[in-house]
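Trainee: Below is one structure. I have some questions about it.
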Amino acid sequence: MTKKLSQLKQDFTEGLSQISRFWGFPKGMGAIFAVLYISPAPLSLDEIVEQTGLTKGAISTEVRTLARMGLVHRSSKLADRKDYYEAESDFYKSIRSILKERQNSEFDSAIRSVQETLKELESGSVSGDEAEVQFVHERIKALQEFFNAIDTLSKAVIKLESLGLGNVKTILSVLK
């Protein structure tokens, strides 16, 4: 059974929308990146609207965020007033950008909130049904461990940047 390229692209776009949501970004952001990533040429906002079904306003907002993160680049065409966009194709650079975004104040605020909640739970000053308090403690502790792992990973990836991409690829190929 053969699949049309248009259906394949649609499936890919939906898949990246879900991945985007998993990482805590809007689904539309993933869809926009997907459409741009599999486009052989930069696309205008109108073309992105056509391919994603999102509103032009939503796309404009999400494209600015993607550009700020270094995942999308703006370009122009001679004698054309429109801006055009293309996706970053260097995966290492993309992951670095996403992990650097992790360092923004909102994420740090969320991490602090989890740390403070855990500290309060561990101080013994929280009253309530003992089983429920224990359940909440276990959940918050698991989330804290996850955040610590993400934090460690992001610092390691950013640190690897100083080694240079060629060296990082060499190191990663040895680990395969």
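Following the order of the structure tokens, first chain is A, next is B, and so on, with residues numbered from 1 inside each chain and ligands from 1 in the order they appear.
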Would you list the contacts of range 5-21 of chain A as a list in words, taking every protein, DNA or RNA residue within 8 Å and counting only C-alpha atoms, but skipping same-chain residues closer than 4 positions in sequence?

Mentor: Phe25, Pro26, Lys27, Gly28, Met29, Gly30, Ala31, Ile32, Phe33, Ala34, Val35 and Ile38 of chain A

Trainee: For C-alpha atoms, I'd like the residues from the last selection saved as a tab-separated table (two decimals), in the first residue's frame.

Mentor:
chain	number	residue	atom	x	y	z
A	25	PHE	CA	5.43	23.92	23.85
A	26	PRO	CA	2.17	24.59	21.99
A	27	LYS	CA	1.12	22.01	19.39
A	28	GLY	CA	1.04	24.75	16.77
A	29	MET	CA	4.72	25.44	17.34
A	30	GLY	CA	5.53	21.84	16.50
A	31	ALA	CA	3.32	21.94	13.42
A	32	ILE	CA	5.00	25.11	12.16
A	33	PHE	CA	8.47	23.68	12.70
A	34	ALA	CA	7.46	20.45	10.94
A	35	VAL	CA	6.05	22.24	7.90
A	38	ILE	CA	10.18	19.44	5.35

Trainee: Apply DSSP to the backbone of this structure and, from range 11-176 of chain A, keep only the residues in strand (DSSP E or B); write these as a list in words.

Mentor: Leu43, Ser44, Val72, His73, Arg74, Ser75, Ser76, Asp83, Tyr84, Tyr85, Glu86 and Ala87 of chain A

Trainee: If you count only C-alpha atoms, which residues fall within 7 Å of Arg74 in chain A, apart from same-chain ones fewer than 4 positions away, as a PDB file with C-alpha atoms, in the first residue's frame?

Mentor:
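Everything below was put into around-v9.pdb:
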ATOM      1  CA  ASP A  83       9.120  37.593   5.320  1.00  0.00           C
ATOM      2  CA  TYR A  84       9.940  33.961   4.669  1.00  0.00           C
ATOM      3  CA  TYR A  85      10.908  31.330   7.204  1.00  0.00           C
ATOM      4  CA  GLU A  86      12.941  28.144   7.194  1.00  0.00           C
TER       5      GLU A  86
END

Trainee: Looking at only C-alpha atoms, which of A:Ile95, A:Ala87, A:Ala156, A:Ala149 is the one that sits closest to Leu43 in chain A?

Mentor: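 The shortest atom-to-atom distance to Leu43 in chain A comes from A:Ala87.
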
Trainee: For each of A:Ser89, A:Gln144, A:Thr2, A:Ser94, take the minimum atom-to-atom distance to Pro40 in chain A, counting only C-alpha atoms, then give the residue where this is smallest.

Mentor: A:Ser89

Trainee: Going by DSSP on the backbone, which bits of chain A are alpha helix (DSSP H)? Write them as a ChimeraX atom specification, please.

Mentor: /A:5-22,27-37,45-52,56-68,91-101,105-122,130-161,165-175

Trainee: Just the number, please: distance in Å from CA of Met69 in chain A to CA of Ala142 in chain A, one decimal.

Mentor: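 Going from CA of Met69 in chain A over to CA of Ala142 in chain A covers 28.1 Å.
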
Trainee: Identify which of the residues A:Val63, A:Leu78, A:Leu54, A:Val72 lies closest to Tyr37 in chain A, counting only C-alpha atoms when measuring atom-to-atom distances.

Mentor: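 When distances to Tyr37 in chain A are compared using only C-alpha atoms, the smallest one comes from A:Val72.
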
Trainee: Pick from A:Ser76, A:Ser97, A:Thr52, A:Ser60: nearest to Ser154 in chain A, with only C-alpha atoms counted?

Mentor: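 Nearest candidate to Ser154 in chain A out of A:Ser76, A:Ser97, A:Thr52, A:Ser60: A:Ser97.
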
Trainee: Between CA of Asp108 in chain A and CA of Phe22 in chain A, what is the spacing in Å?

Mentor: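 Distance between the two atoms: 18.3 Å.
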